[in-house]
Amino acid sequence: LETLTEVSTVNESGIEQAIKKAAAEAFPAWSQNPEKSLLLARWSELVEKNWEDLAILLTLENGKPLLESRREIESSAAFFRYYARLPWPEDSIISRGHWRHVVRQVPVGVCAAITPWNFSSSMLARK
């Protein structure tokens with residue numbers, strides 16, 4: 001057996017405190033950032049460029065067969081590409097008969113996104 005890395009443990013209150021601090025620091029700038037799409041596109045490029053190394057890490061992390069890890073990393077890059085192409089912050093208008101719905105994308109805050117151990121990369125990208 002080979003140790004890949006070591007991580008520290010923290011209790012529930014420590015996690016909550018760290019999340020609140022990070023959220024308070026990140027949200028104001030991120031919510032007003034007009035270049036979200038560019039950052040997501042760049043993230044997709046980096047995932048694609050390093051996909052084999054990321055697939056190997058994913059396999060080492062959770063024991064998934066390498067072929068499945070490669071597919072998951074490809075899926076992750078596809079999610080980032082998709083979200084990078086969404087219109088931000090334009091409104092979407094959906095008409096149904098005499099009803100008209102306006103969908104407005106507005107940052108409302110930070111959320112916790114818990115990912116399953118067996119699809120950690122693609123679910124991170126999707127969320």
# chains A, B, ... in the order shown; residues from 1 in each chain; ligands from 1

call {"tool": "select_by_dssp", "arguments": {"residues": "chain A", "states": "strand (DSSP E or B)", "output": "list in words"}}
result
Ser92, Ile93, Ile94, Ser95, Arg96, Trp99, Arg100, His101, Val102 and Val103 of chain A

call {"tool": "residues_around", "arguments": {"residues": "region 8-18 of chain A", "least_positions_apart": "5", "cutoff": "12 Å", "atoms": "only C-alpha atoms", "output": "count of residues only"}}
result
5

call {"tool": "atom_distance", "arguments": {"atom1": "CA of Phe119 (chain A)", "atom2": "CA of Ile19 (chain A)"}}
result
22.3 Å

call {"tool": "residues_around", "arguments": {"residues": "Ala125 (chain A)", "least_positions_apart": "3", "cutoff": "8 Å", "atoms": "only C-alpha atoms", "output": "MDAnalysis selection string"}}
result
chainID A and resid 76:77 79:80 121:122

call {"tool": "write_last_selection", "arguments": {"atoms": "N, CA, C and O atoms", "output": "PDB file, in the first residue's frame"}}
result
ATOM      1  N   SER A  76     -16.977  15.943 -17.473  1.00  0.00           N
ATOM      2  CA  SER A  76     -16.744  17.173 -16.705  1.00  0.00           C
ATOM      3  C   SER A  76     -16.429  18.338 -17.629  1.00  0.00           C
ATOM      4  O   SER A  76     -16.986  19.426 -17.493  1.00  0.00           O
ATOM      5  N   ALA A  77     -15.532  18.106 -18.573  1.00  0.00           N
ATOM      6  CA  ALA A  77     -15.174  19.166 -19.522  1.00  0.00           C
ATOM      7  C   ALA A  77     -16.393  19.605 -20.323  1.00  0.00           C
ATOM      8  O   ALA A  77     -16.584  20.804 -20.572  1.00  0.00           O
ATOM      9  N   PHE A  79     -19.553  19.555 -19.350  1.00  0.00           N
ATOM     10  CA  PHE A  79     -20.406  20.393 -18.498  1.00  0.00           C
ATOM     11  C   PHE A  79     -19.863  21.816 -18.435  1.00  0.00           C
ATOM     12  O   PHE A  79     -20.614  22.792 -18.563  1.00  0.00           O
ATOM     13  N   PHE A  80     -18.555  21.979 -18.246  1.00  0.00           N
ATOM     14  CA  PHE A  80     -17.970  23.319 -18.178  1.00  0.00           C
ATOM     15  C   PHE A  80     -18.161  24.064 -19.496  1.00  0.00           C
ATOM     16  O   PHE A  80     -18.464  25.261 -19.509  1.00  0.00           O
ATOM     17  N   SER A 121     -16.028  14.154  -9.994  1.00  0.00           N
ATOM     18  CA  SER A 121     -15.616  15.173 -10.953  1.00  0.00           C
ATOM     19  C   SER A 121     -16.784  15.690 -11.791  1.00  0.00           C
ATOM     20  O   SER A 121     -17.001  16.903 -11.893  1.00  0.00           O
ATOM     21  N   SER A 122     -17.536  14.797 -12.389  1.00  0.00           N
ATOM     22  CA  SER A 122     -18.626  15.264 -13.267  1.00  0.00           C
ATOM     23  C   SER A 122     -19.734  15.938 -12.475  1.00  0.00           C
ATOM     24  O   SER A 122     -20.345  16.895 -12.953  1.00  0.00           O
TER      25      SER A 122
END

call {"tool": "residues_around", "arguments": {"residues": "Leu38 (chain A)", "least_positions_apart": "5", "cutoff": "12 Å", "atoms": "only C-alpha atoms", "output": "CSV table (one decimal) with N, CA and C atoms, in the first residue's frame"}}
result
chain,number,residue,atom,x,y,z
A,33,ASN,N,-18.9,39.3,-11.4
A,33,ASN,CA,-17.9,39.1,-12.4
A,33,ASN,C,-18.5,38.9,-13.8
A,43,TRP,N,-11.6,26.8,-17.7
A,43,TRP,CA,-11.6,25.6,-16.9
A,43,TRP,C,-11.8,24.3,-17.8
A,44,SER,N,-12.7,24.4,-18.7
A,44,SER,CA,-12.9,23.3,-19.6
A,44,SER,C,-11.7,23.0,-20.4
A,45,GLU,N,-11.0,24.0,-20.9
A,45,GLU,CA,-9.8,23.8,-21.6
A,45,GLU,C,-8.7,23.1,-20.8
A,80,PHE,N,-18.6,22.0,-18.2
A,80,PHE,CA,-18.0,23.3,-18.2
A,80,PHE,C,-18.2,24.1,-19.5
A,81,ARG,N,-18.0,23.4,-20.6
A,81,ARG,CA,-18.2,24.0,-21.9
A,81,ARG,C,-19.7,24.4,-22.1
A,82,TYR,N,-20.6,23.6,-21.7
A,82,TYR,CA,-22.0,23.9,-21.8
A,82,TYR,C,-22.3,25.2,-20.9
A,83,TYR,N,-21.9,25.2,-19.7
A,83,TYR,CA,-22.2,26.3,-18.8
A,83,TYR,C,-21.5,27.6,-19.3
A,84,ALA,N,-20.4,27.5,-19.9
A,84,ALA,CA,-19.7,28.6,-20.4
A,84,ALA,C,-20.4,29.3,-21.6
A,85,ARG,N,-21.2,28.5,-22.3
A,85,ARG,CA,-21.9,29.0,-23.4
A,85,ARG,C,-23.3,29.6,-23.1
A,86,LEU,N,-23.7,29.4,-21.9
A,86,LEU,CA,-25.1,30.0,-21.5
A,86,LEU,C,-25.0,31.5,-21.5
A,87,PRO,N,-26.1,32.1,-21.9
A,87,PRO,CA,-26.2,33.6,-21.9
A,87,PRO,C,-26.2,34.1,-20.5
A,88,TRP,N,-25.2,34.9,-20.1
A,88,TRP,CA,-25.2,35.5,-18.7
A,88,TRP,C,-25.1,37.0,-18.9
